[in-house]
file target_2.cif (mmCIF, C-alpha atoms)
data_input
loop_
_atom_site.label_atom_id
_atom_site.label_comp_id
_atom_site.auth_asym_id
_atom_site.auth_seq_id
_atom_site.Cartn_x
_atom_site.Cartn_y
_atom_site.Cartn_z
CA MET Y 1 -20.86 86.27 44.81
CA LYS Y 2 -19.40 82.85 43.95
CA ARG Y 3 -15.98 83.88 45.37
CA ILE Y 4 -17.63 85.10 48.58
CA PHE Y 5 -19.52 81.79 48.96
CA THR Y 6 -16.37 79.73 48.32
CA PHE Y 7 -14.39 81.79 50.86
CA ALA Y 8 -17.17 81.43 53.44
CA ILE Y 9 -17.35 77.68 52.91
CA ALA Y 10 -13.58 77.40 53.34
CA LEU Y 11 -13.77 79.30 56.65
CA MET Y 12 -16.65 77.07 57.81
CA SER Y 13 -14.63 73.94 57.00
CA LEU Y 14 -11.50 75.21 58.77
CA PHE Y 15 -13.46 76.21 61.86
CA ALA Y 16 -15.29 72.89 62.05
CA MET Y 17 -12.09 70.85 61.68
CA GLN Y 18 -10.44 72.87 64.43
CA GLN Y 19 -13.41 72.26 66.71
CA ASN Y 20 -13.54 68.49 66.15
CA ALA Y 21 -10.59 66.65 64.65
CA SER Y 22 -12.72 63.59 63.88
CA ALA Y 23 -15.38 65.54 61.96
CA LEU Y 24 -15.38 66.87 58.43
CA VAL Y 25 -17.57 69.47 56.72
CA TYR Y 26 -18.83 68.42 53.28
CA ASN Y 27 -19.97 71.19 50.93
CA VAL Y 28 -21.42 70.67 47.48
CA THR Y 29 -22.68 72.75 44.57
CA VAL Y 30 -25.64 71.06 42.85
CA PRO Y 31 -27.62 71.60 39.62
CA ALA Y 32 -30.43 74.15 39.55
CA GLY Y 33 -33.79 72.59 40.40
CA THR Y 34 -32.40 70.28 43.09
CA ASN Y 35 -34.94 69.75 45.88
CA ALA Y 36 -32.75 67.90 48.38
CA CYS Y 37 -29.25 66.45 48.70
CA VAL Y 38 -27.95 63.49 50.68
CA ILE Y 39 -24.46 62.03 51.08
CA ALA Y 40 -23.73 58.30 51.28
CA GLY Y 41 -20.40 56.52 51.65
CA ASN Y 42 -18.35 54.05 53.64
CA PHE Y 43 -19.10 56.01 56.80
CA PRO Y 44 -19.69 54.28 60.15
CA ALA Y 45 -22.96 52.31 60.43
CA PRO Y 46 -25.84 52.93 60.02
CA MET Y 47 -24.78 55.42 57.32
CA ASN Y 48 -22.65 52.90 55.41
CA TRP Y 49 -23.61 53.45 51.73
CA ALA Y 50 -27.19 54.18 52.79
CA PRO Y 51 -28.70 57.20 50.98
CA ASP Y 52 -31.99 56.59 52.80
CA ASN Y 53 -30.39 57.10 56.22
CA ALA Y 54 -31.44 60.38 57.84
CA GLY Y 55 -27.88 61.02 59.01
CA GLY Y 56 -26.81 61.79 55.44
CA LYS Y 57 -29.44 64.45 54.75
CA MET Y 58 -27.63 67.70 54.00
CA THR Y 59 -28.59 71.23 55.02
CA LYS Y 60 -29.65 73.61 52.25
CA VAL Y 61 -27.53 76.78 52.11
CA ASP Y 62 -29.20 78.24 49.03
CA ALA Y 63 -30.77 77.01 45.78
CA THR Y 64 -27.58 75.30 44.56
CA HIS Y 65 -25.50 74.68 47.69
CA TYR Y 66 -25.75 72.13 50.52
CA THR Y 67 -23.57 71.34 53.54
CA ILE Y 68 -23.23 68.75 56.31
CA THR Y 69 -20.81 68.02 59.15
CA LEU Y 70 -20.13 64.32 59.75
CA ALA Y 71 -18.41 63.03 62.88
CA ASN Y 72 -16.05 60.04 62.88
CA THR Y 73 -14.99 60.55 59.26
CA ASP Y 74 -11.63 61.03 57.62
CA GLU Y 75 -10.33 62.17 54.24
CA THR Y 76 -9.80 58.62 52.94
CA MET Y 77 -13.48 57.64 53.11
CA LYS Y 78 -15.34 57.20 49.82
CA TYR Y 79 -18.76 58.77 49.10
CA LYS Y 80 -21.27 60.00 46.54
CA TYR Y 81 -24.17 62.45 46.47
CA CYS Y 82 -27.84 61.76 45.66
CA SER Y 83 -30.70 64.17 45.03
CA GLY Y 84 -33.00 61.98 47.12
CA PRO Y 85 -33.09 58.98 49.51
CA ASP Y 86 -32.36 56.28 46.91
CA TRP Y 87 -29.59 55.28 44.48
CA SER Y 88 -31.99 56.10 41.65
CA TYR Y 89 -31.09 59.73 42.34
CA VAL Y 90 -27.30 59.30 42.35
CA GLU Y 91 -25.00 61.89 40.80
CA LYS Y 92 -23.73 61.56 37.21
CA ASN Y 93 -21.20 63.43 35.11
CA ALA Y 94 -22.24 65.97 32.49
CA ALA Y 95 -22.69 63.19 29.90
CA GLY Y 96 -24.99 61.24 32.21
CA LEU Y 97 -22.40 58.52 32.96
CA ASP Y 98 -21.38 57.11 36.34
CA VAL Y 99 -18.84 59.01 38.43
CA SER Y 100 -16.16 57.39 40.57
CA ASP Y 101 -16.47 57.34 44.34
CA ARG Y 102 -15.29 60.62 45.80
CA THR Y 103 -12.68 61.26 48.46
CA TYR Y 104 -12.81 64.35 50.63
CA SER Y 105 -12.91 67.82 49.17
CA ALA Y 106 -14.18 70.87 51.04
CA ALA Y 107 -16.06 72.07 47.93
CA ASP Y 108 -17.54 69.37 45.65
CA VAL Y 109 -19.55 69.95 42.45
CA VAL Y 110 -22.33 67.69 41.11
CA GLU Y 111 -22.73 68.12 37.35
CA LYS Y 112 -25.95 66.16 36.88
CA TRP Y 113 -28.38 63.83 38.65
CA ALA Y 114 -29.55 60.46 37.33
CA LEU Y 115 -32.98 61.72 38.42
CA THR Y 116 -34.02 64.77 40.39
CA TRP Y 117 -35.98 63.78 43.48
CA ALA Y 118 -39.36 65.36 44.12
CA ASP Y 119 -41.56 64.76 47.14
CA VAL Y 120 -44.50 63.31 45.21
CA PRO Y 121 -46.58 60.13 45.67
CA ALA Y 122 -45.12 56.89 44.31
CA LYS Y 123 -46.51 55.71 40.97
CA PRO Y 124 -46.58 51.86 40.86
CA MET Y 125 -46.99 50.58 37.29
CA LYS Y 126 -46.61 47.64 34.93
CA LEU Y 127 -44.72 48.76 31.85
CA GLU Y 128 -44.26 47.00 28.52
CA ILE Y 129 -40.74 47.76 27.25
CA ASN Y 130 -40.05 47.26 23.52
CA VAL Y 131 -36.44 47.71 22.41
CA LEU Y 132 -34.75 47.73 19.00
CA THR Y 133 -31.24 46.23 19.19
CA PRO Y 134 -28.37 46.00 16.66
CA VAL Y 135 -28.32 43.48 13.82
CA GLY Y 136 -26.77 40.21 15.03
CA THR Y 137 -28.14 40.39 18.57
CA VAL Y 138 -28.97 36.88 19.81
CA GLU Y 139 -30.42 37.57 23.27
CA CYS Y 140 -31.40 40.66 25.25
CA TYR Y 141 -31.60 41.21 29.01
CA ILE Y 142 -33.19 44.21 30.70
CA VAL Y 143 -31.57 45.58 33.86
CA GLY Y 144 -32.84 48.36 36.10
CA ASN Y 145 -34.30 49.34 39.45
CA PHE Y 146 -37.15 46.84 39.29
CA THR Y 147 -38.65 45.01 42.23
CA GLY Y 148 -36.88 41.71 42.89
CA PHE Y 149 -33.81 41.89 40.62
CA SER Y 150 -32.35 45.37 40.82
CA TRP Y 151 -29.47 45.87 38.36
CA LYS Y 152 -28.64 42.17 38.00
CA PRO Y 153 -28.05 41.01 34.41
CA ASP Y 154 -27.28 37.56 35.81
CA ALA Y 155 -30.62 37.32 37.65
CA PRO Y 156 -32.80 34.26 36.94
CA VAL Y 157 -33.54 34.14 33.22
CA ASP Y 158 -37.30 34.42 33.64
CA SER Y 159 -36.76 37.68 35.54
CA CYS Y 160 -34.78 39.78 33.08
CA LYS Y 161 -34.43 37.90 29.77
CA MET Y 162 -36.57 39.51 27.08
CA LEU Y 163 -38.69 37.87 24.39
CA LYS Y 164 -37.54 38.21 20.78
CA THR Y 165 -40.46 39.46 18.66
CA ALA Y 166 -38.98 40.28 15.24
CA THR Y 167 -35.79 40.38 13.15
CA THR Y 168 -35.64 43.11 10.51
CA ALA Y 169 -33.07 44.87 8.34
CA ASP Y 170 -32.95 47.60 11.02
CA GLY Y 171 -32.21 45.22 13.89
CA VAL Y 172 -33.78 42.78 16.34
CA PHE Y 173 -36.83 43.62 18.47
CA PHE Y 174 -37.34 42.35 22.04
CA THR Y 175 -40.13 42.93 24.57
CA LYS Y 176 -40.67 42.50 28.31
CA THR Y 177 -43.31 43.63 30.79
CA VAL Y 178 -41.80 44.76 34.09
CA TYR Y 179 -43.21 46.11 37.34
CA THR Y 180 -41.90 49.23 39.02
CA ALA Y 181 -43.00 50.35 42.46
CA ASP Y 182 -42.47 53.97 41.43
CA ALA Y 183 -42.33 55.13 37.82
CA ASN Y 184 -41.06 58.51 39.05
CA LYS Y 185 -37.64 56.93 39.63
CA PHE Y 186 -37.80 54.17 37.00
CA GLN Y 187 -34.45 53.62 35.21
CA TYR Y 188 -33.22 50.80 33.00
CA HIS Y 189 -30.94 49.72 30.19
CA PHE Y 190 -29.94 46.53 28.37
CA CYS Y 191 -27.31 43.79 28.02
CA SER Y 192 -26.93 41.33 25.16
CA GLY Y 193 -26.02 38.62 27.70
CA PRO Y 194 -26.22 37.79 31.42
CA ALA Y 195 -23.23 39.92 32.55
CA TRP Y 196 -22.09 43.53 32.48
CA ALA Y 197 -19.48 42.73 29.82
CA TYR Y 198 -22.37 42.67 27.33
CA GLU Y 199 -24.11 45.91 28.28
CA GLN Y 200 -25.15 48.59 25.83
CA ASP Y 201 -22.63 51.22 24.76
CA PRO Y 202 -22.90 53.93 25.95
CA SER Y 203 -24.31 52.65 29.25
CA THR Y 204 -26.56 55.63 29.98
CA ASN Y 205 -29.96 54.77 31.45
CA PHE Y 206 -33.40 55.15 29.92
CA VAL Y 207 -36.05 56.66 32.18
CA TYR Y 208 -39.84 56.67 32.23
CA PRO Y 209 -41.88 57.63 30.20
CA GLU Y 210 -39.55 56.18 27.51
CA VAL Y 211 -40.78 52.63 26.80
CA ASN Y 212 -39.61 52.16 23.18
CA PRO Y 213 -35.85 52.71 23.39
CA ILE Y 214 -33.18 51.96 20.76
CA VAL Y 215 -29.79 50.36 21.46
CA THR Y 216 -27.24 51.22 18.75
CA LYS Y 217 -24.23 49.27 20.01
CA TRP Y 218 -23.16 46.55 22.47
CA LYS Y 219 -19.84 46.36 24.33
CA ALA Y 220 -19.87 42.71 23.25
CA ILE Y 221 -22.50 40.44 21.66
CA TYR Y 222 -23.35 37.35 23.66
CA ASP Y 223 -23.90 34.03 21.87
CA PRO Y 224 -24.85 31.10 24.15
CA THR Y 225 -23.55 28.63 21.54
CA LYS Y 226 -20.00 29.97 21.85
CA LEU Y 227 -19.32 29.67 25.58
CA GLY Y 228 -16.18 28.18 27.13
CA THR Y 229 -13.87 28.22 30.15
CA ILE Y 230 -11.27 30.95 30.69
CA ASN Y 231 -8.30 29.77 32.78
CA ILE Y 232 -6.08 32.46 34.33
CA THR Y 233 -2.67 31.91 35.94
CA ALA Y 234 -1.47 34.94 37.93
CA THR Y 235 2.07 35.70 39.06
CA VAL Y 236 1.74 37.87 42.18
CA PRO Y 237 4.13 40.17 44.09
CA ALA Y 238 6.52 38.69 46.63
CA GLY Y 239 5.03 38.70 50.10
CA THR Y 240 1.45 38.08 48.94
CA GLY Y 241 -0.41 35.89 51.43
CA ASN Y 242 -1.93 32.49 50.79
CA ASN Y 243 -5.20 33.82 49.37
CA VAL Y 244 -6.02 35.78 46.22
CA TRP Y 245 -9.54 36.31 44.85
CA ILE Y 246 -10.88 37.04 41.39
CA GLN Y 247 -13.87 39.38 41.17
CA GLY Y 248 -15.84 40.40 38.10
CA ASP Y 249 -19.04 40.91 36.19
CA PHE Y 250 -19.47 37.14 35.74
CA ILE Y 251 -20.37 36.94 39.45
CA GLY Y 252 -21.98 40.38 39.70
CA TRP Y 253 -19.07 42.21 41.39
CA ASN Y 254 -20.43 40.91 44.66
CA PHE Y 255 -18.07 41.69 47.55
CA ALA Y 256 -20.35 42.26 50.53
CA ASN Y 257 -19.77 41.97 54.28
CA GLY Y 258 -16.32 40.47 53.83
CA ALA Y 259 -17.48 37.75 51.44
CA GLY Y 260 -17.77 37.13 47.71
CA GLY Y 261 -15.34 36.67 44.87
CA VAL Y 262 -13.79 33.37 43.78
CA LEU Y 263 -10.78 32.10 45.72
CA GLY Y 264 -7.81 31.13 43.56
CA THR Y 265 -5.74 27.96 43.92
CA LYS Y 266 -2.19 28.60 45.09
CA ASN Y 267 0.33 26.60 43.07
CA ILE Y 268 3.70 25.17 44.17
CA ASP Y 269 5.56 27.92 42.29
CA GLY Y 270 3.61 30.64 44.15
CA THR Y 271 1.29 31.55 41.29
CA PHE Y 272 -2.50 31.45 41.59
CA SER Y 273 -4.92 29.73 39.21
CA PHE Y 274 -8.51 30.72 38.46
CA SER Y 275 -11.12 29.06 36.27
CA VAL Y 276 -14.20 30.89 34.96
CA PRO Y 277 -16.59 28.48 33.17
CA MET Y 278 -19.35 29.10 30.63
CA VAL Y 279 -18.39 32.62 29.49
CA MET Y 280 -17.55 34.51 26.32
CA THR Y 281 -16.23 37.81 27.68
CA ILE Y 282 -15.42 38.77 31.27
CA ASN Y 283 -14.37 41.95 33.05
CA TYR Y 284 -12.30 41.05 36.10
CA ARG Y 285 -9.81 42.21 38.71
CA LEU Y 286 -7.74 40.36 41.33
CA TYR Y 287 -7.75 41.16 45.06
CA ASN Y 288 -5.48 40.05 47.89
CA ARG Y 289 -8.37 40.26 50.34
CA GLN Y 290 -12.17 39.98 50.15
CA ASP Y 291 -12.50 43.73 50.33
CA TRP Y 292 -12.81 46.49 47.71
CA GLY Y 293 -9.81 48.25 49.29
CA PHE Y 294 -7.31 45.53 48.26
CA PRO Y 295 -7.24 45.41 44.43
CA GLU Y 296 -4.38 45.17 41.94
CA SER Y 297 -2.29 48.33 41.53
CA SER Y 298 0.02 49.55 38.78
CA SER Y 299 3.27 49.03 40.72
CA PRO Y 300 4.58 47.72 44.07
CA THR Y 301 4.67 51.28 45.44
CA ALA Y 302 1.51 52.75 43.87
CA ALA Y 303 -1.64 53.11 45.95
CA ASP Y 304 -3.86 53.23 42.88
CA GLU Y 305 -6.43 50.77 41.54
CA LEU Y 306 -6.12 49.24 38.09
CA PRO Y 307 -9.20 49.30 35.87
CA ALA Y 308 -10.89 45.98 35.24
CA SER Y 309 -9.17 43.69 32.73
CA VAL Y 310 -10.99 41.98 29.86
CA ALA Y 311 -10.63 38.37 28.74
CA ASN Y 312 -12.35 36.76 25.74
CA TYR Y 313 -13.02 33.14 24.92
CA PRO Y 314 -11.46 31.37 23.01
CA ALA Y 315 -8.55 33.82 22.46
CA ASP Y 316 -7.87 33.99 26.21
CA ALA Y 317 -8.86 30.43 27.12
CA ASN Y 318 -5.47 30.00 28.86
CA LEU Y 319 -4.24 33.37 30.05
CA ALA Y 320 -1.05 34.17 32.01
CA ILE Y 321 -0.95 37.54 33.79
CA THR Y 322 1.36 39.34 36.21
CA VAL Y 323 0.11 41.42 39.12
CA ALA Y 324 2.50 44.37 39.48
CA GLY Y 325 1.38 45.32 42.98
CA TRP Y 326 -1.49 45.59 45.45
CA LYS Y 327 -3.19 48.83 46.46
CA GLN Y 328 -2.77 47.71 50.07
CA ALA Y 329 -0.56 44.94 51.37
CA PHE Y 330 -2.37 42.43 53.53
CA ASP Y 331 -0.16 40.40 55.82
CA THR Y 332 -1.83 37.86 58.08
CA LYS Y 333 1.11 38.26 60.48
CA VAL Y 334 -0.10 41.25 62.47
CA ASN Y 335 2.56 43.76 63.50
CA GLU Y 336 1.85 44.01 67.21
CA VAL Y 337 1.67 47.41 68.89
CA SER Y 338 4.37 47.86 71.54
CA ILE Y 339 2.89 47.71 75.04
CA ASP Y 340 5.47 50.31 76.03
CA ASN Y 341 3.77 52.92 73.85
CA TYR Y 342 0.07 52.15 74.27
CA LYS Y 343 -2.32 50.64 76.75
CA ILE Y 344 -5.02 48.64 74.91
CA TYR Y 345 -7.88 46.80 76.61
CA SER Y 346 -11.62 46.06 76.42
CA ASN Y 347 -14.09 47.37 78.95
CA ASN Y 348 -17.92 47.10 78.94
CA ASN Y 349 -18.00 45.86 75.30
CA LYS Y 350 -15.77 48.72 74.19
CA ILE Y 351 -12.11 48.86 73.17
CA VAL Y 352 -9.97 51.52 74.84
CA VAL Y 353 -6.58 52.72 73.60
CA GLU Y 354 -4.54 55.03 75.80
CA GLY Y 355 -1.61 57.01 74.44
CA VAL Y 356 -2.80 57.68 70.87
CA VAL Y 357 -0.61 60.21 69.08
CA SER Y 358 -2.61 60.94 65.92
CA THR Y 359 -5.02 58.25 64.66
CA ALA Y 360 -6.93 55.24 65.95
CA GLU Y 361 -8.86 52.90 63.66
CA LEU Y 362 -10.94 49.82 64.43
CA PHE Y 363 -11.60 46.94 62.01
CA ASN Y 364 -13.44 43.65 62.19
CA LEU Y 365 -11.62 40.50 61.05
CA ASP Y 366 -13.12 40.83 57.56
CA GLY Y 367 -11.16 44.05 57.12
CA ARG Y 368 -14.21 46.34 57.32
CA ARG Y 369 -13.56 49.60 59.14
CA VAL Y 370 -15.86 49.92 62.16
CA GLN Y 371 -14.63 53.26 63.48
CA SER Y 372 -11.91 55.83 62.84
CA GLU Y 373 -10.84 58.91 64.77
CA LYS Y 374 -8.05 61.47 64.56
CA LEU Y 375 -7.05 62.40 68.10
CA SER Y 376 -4.29 62.69 70.65
CA GLY Y 377 -5.01 60.93 73.93
CA THR Y 378 -7.49 58.13 74.66
CA PHE Y 379 -9.63 56.40 72.05
CA THR Y 380 -12.85 54.69 73.18
CA SER Y 381 -14.77 52.65 70.63
CA GLN Y 382 -18.50 52.42 70.20
CA THR Y 383 -20.27 49.48 71.88
CA LEU Y 384 -19.19 46.28 70.10
CA ASN Y 385 -20.38 42.71 69.72
CA LYS Y 386 -18.28 39.98 71.30
CA GLY Y 387 -15.37 38.76 69.16
CA LEU Y 388 -11.95 39.64 67.80
CA TYR Y 389 -11.11 43.05 66.33
CA VAL Y 390 -8.01 44.71 64.90
CA VAL Y 391 -6.94 48.09 66.27
CA ARG Y 392 -4.61 50.25 64.18
CA VAL Y 393 -2.92 52.95 66.25
CA ASP Y 394 -0.67 55.50 64.55
CA GLY Y 395 -0.06 52.96 61.76
CA ALA Y 396 0.69 49.86 63.86
CA THR Y 397 -1.87 47.14 64.61
CA LYS Y 398 -2.95 44.72 67.33
CA LYS Y 399 -5.70 42.13 67.71
CA VAL Y 400 -8.03 42.74 70.66
CA SER Y 401 -10.76 40.48 72.05
CA VAL Y 402 -14.11 41.81 73.29
CA ASN Y 403 -15.57 39.26 75.72
#

call {"tool": "encode", "arguments": {"input": "target_2.cif", "output": "structure tokens"}}
result
Amino acid sequence: MKRIFTFAIALMSLFAMQQNASALVYNVTVPAGTNACVIAGNFPAPMNWAPDNAGGKMTKVDATHYTITLANTDETMKYKYCSGPDWSYVEKNAAGLDVSDRTYSAADVVEKWALTWADVPAKPMKLEINVLTPVGTVECYIVGNFTGFSWKPDAPVDSCKMLKTATTADGVFFTKTVYTADANKFQYHFCSGPAWAYEQDPSTNFVYPEVNPIVTKWKAIYDPTKLGTINITATVPAGTGNNVWIQGDFIGWNFANGAGGVLGTKNIDGTFSFSVPMVMTINYRLYNRQDWGFPESSSPTAADELPASVANYPADANLAITVAGWKQAFDTKVNEVSIDNYKIYSNNNKIVVEGVVSTAELFNLDGRRVQSEKLSGTFTSQTLNKGLYVVRVDGATKKVSVN
């Protein structure tokens, strides 16, 4: 039966892709007991990482299989599955840990849900959380899907810092009363300091009705009396532009809408300097653009993404690193599309490209993809706001103004 289903899904995918080159069929096998399934990713707005958008609701094939056809998508787009219209229901691996963003596969498998969605009334509650932490813990911060400071260990101290109640031979006790708008999807865990570098290990979440959890280990123990400044000097690949950013848990990994990160200082010798004050341990990564798609890579030719690096004060107070490569090169000198090959113009708040051979992509000046289509012929964008955009046609690019 499983082979028949897989074969049928493959035929459905092939047929759909032949019918519409800019559409993909997503098929997923889900755990037993799943009541719904939605897909969310860096798809065109308004579906951009929005599990609550109706456009991502998948069609149920049978008890453990769902499918959806999405237009204007390609195989490079990243996505995840949720069992309901909220990140509280996001997929996990078999051990209950986070999974990496997916790229296209005609037959995905979800091993486990963070929570399984059920269409039941919300249960707003105040909950007193009492946690036992390891010996030597100085401070404790609670993070979770609470109203007002969702998953932010660096939120204002009075929001997520817990009160120490006792120190015993078994460990240190902390307490905090929090409000959840819906206990049905209430999830939380702990950090020993105001950054993800100090989170519990393993980082699996506690869920309601558990209100007396135990943390057995920290990734690092935070001590506010031992803070200092970590200075990083980075040697970057030849051809890197004038800007490089550092991103990390010390600022909440906060790239959003083409902003965020800390801009480095370019030195006379071409290196970049960064200074991170008042920290003990940081997880960080460098980027050659304010965009998740432009991180460090393992070599000048690799299109991979390096895992976050770790630096500790005072051992790494003055750290020299070398960036081997970038996942994507970003050159501010745009390689103009030849007018002999394409006709590109704006009309009625839309950008039109005539003569496309295989692919047309549209970006705003922050590097965010607005639209992407695989086609041969004429590309017409969605209605756009006034301003400058970058069109990439068959791999070459050109700036276009919408007036």

call {"tool": "closest_atom_pairs", "arguments": {"input": "target_2.cif", "of": "region 104-146 of chain Y", "to": "region 57-77 of chain Y", "cutoff": "10 Å", "atoms": "all atoms listed in the file", "output": "tab-separated table"}}
result
residue	atom	partner	partner_atom	distance
Y:Tyr104	CA	Y:Glu75	CA	4.9
Y:Ser105	CA	Y:Glu75	CA	8.0
Y:Ala106	CA	Y:Thr67	CA	9.7
Y:Ala107	CA	Y:Thr67	CA	9.4
Y:Asp108	CA	Y:His65	CA	9.8
Y:Val109	CA	Y:His65	CA	9.2
Y:Val110	CA	Y:Thr64	CA	9.9

call {"tool": "atom_distance", "arguments": {"input": "target_2.cif", "atom1": "CA of Tyr141 (chain Y)", "atom2": "CA of Trp87 (chain Y)"}}
result
21.0 Å

call {"tool": "resolve_selection", "arguments": {"input": "target_2.cif", "expression": "the PyMOL selection byres ((chain Y and resi 173) around 6)", "output": "PyMOL selection string"}}
result
chain Y and resi 131-132+164-166+172+174

call {"tool": "closest_residue", "arguments": {"input": "target_2.cif", "among": "Y:Ala54, Y:Asn347, Y:Phe379, Y:Asn312", "to": "Tyr222 (chain Y)", "atoms": "only C-alpha atoms"}}
result
Y:Asn312

call {"tool": "closest_residue", "arguments": {"input": "target_2.cif", "among": "Y:Thr180, Y:Ser159, Y:Asn53, Y:Thr233", "to": "Pro124 (chain Y)", "atoms": "only C-alpha atoms"}}
result
Y:Thr180

call {"tool": "residues_around", "arguments": {"input": "target_2.cif", "residues": "Tyr179 (chain Y)", "least_positions_apart": "3", "cutoff": "7 Å", "atoms": "all atoms listed in the file", "output": "PyMOL selection string"}}
result
chain Y and resi 125-127+146-147

call {"tool": "closest_residue", "arguments": {"input": "target_2.cif", "among": "Y:Trp326, Y:Phe43, Y:Tyr313, Y:Phe190", "to": "Leu286 (chain Y)", "atoms": "only C-alpha atoms"}}
result
Y:Trp326

call {"tool": "atom_distance", "arguments": {"input": "target_2.cif", "atom1": "CA of Thr359 (chain Y)", "atom2": "CA of Pro237 (chain Y)"}}
result
28.9 Å

call {"tool": "closest_residue", "arguments": {"input": "target_2.cif", "among": "Y:Ala181, Y:Ala45, Y:Val99, Y:Ile230", "to": "Ala315 (chain Y)", "atoms": "all atoms listed in the file"}}
result
Y:Ile230

call {"tool": "residues_around", "arguments": {"input": "target_2.cif", "residues": "Ala195 (chain Y)", "least_positions_apart": "5", "cutoff": "7 Å", "atoms": "all atoms listed in the file", "output": "compact mmCIF listing (two decimals) with C-alpha atoms, in the coordinates of the input"}}
result
# COMPACT_ATOMS: atom_id res chain seq x y z
CA PRO Y 153 -28.05 41.01 34.41
CA ASP Y 154 -27.28 37.56 35.81
CA ASP Y 249 -19.04 40.91 36.19
CA PHE Y 250 -19.47 37.14 35.74

call {"tool": "closest_residue", "arguments": {"input": "target_2.cif", "among": "Y:Gly55, Y:Gly264, Y:Gly41, Y:Gly136", "to": "Asp101 (chain Y)", "atoms": "all atoms listed in the file"}}
result
Y:Gly41

call {"tool": "closest_residue", "arguments": {"input": "target_2.cif", "among": "Y:Ile214, Y:Val323, Y:Leu362, Y:Val90", "to": "Ala40 (chain Y)", "atoms": "all atoms listed in the file"}}
result
Y:Val90

call {"tool": "atom_distance", "arguments": {"input": "target_2.cif", "atom1": "CA of Leu306 (chain Y)", "atom2": "CA of Lys327 (chain Y)"}}
result
8.9 Å

call {"tool": "residues_around", "arguments": {"input": "target_2.cif", "residues": "Lys112 (chain Y)", "least_positions_apart": "4", "cutoff": "6 Å", "atoms": "all atoms listed in the file", "output": "ChimeraX atom specification"}}
result
/Y:91-94
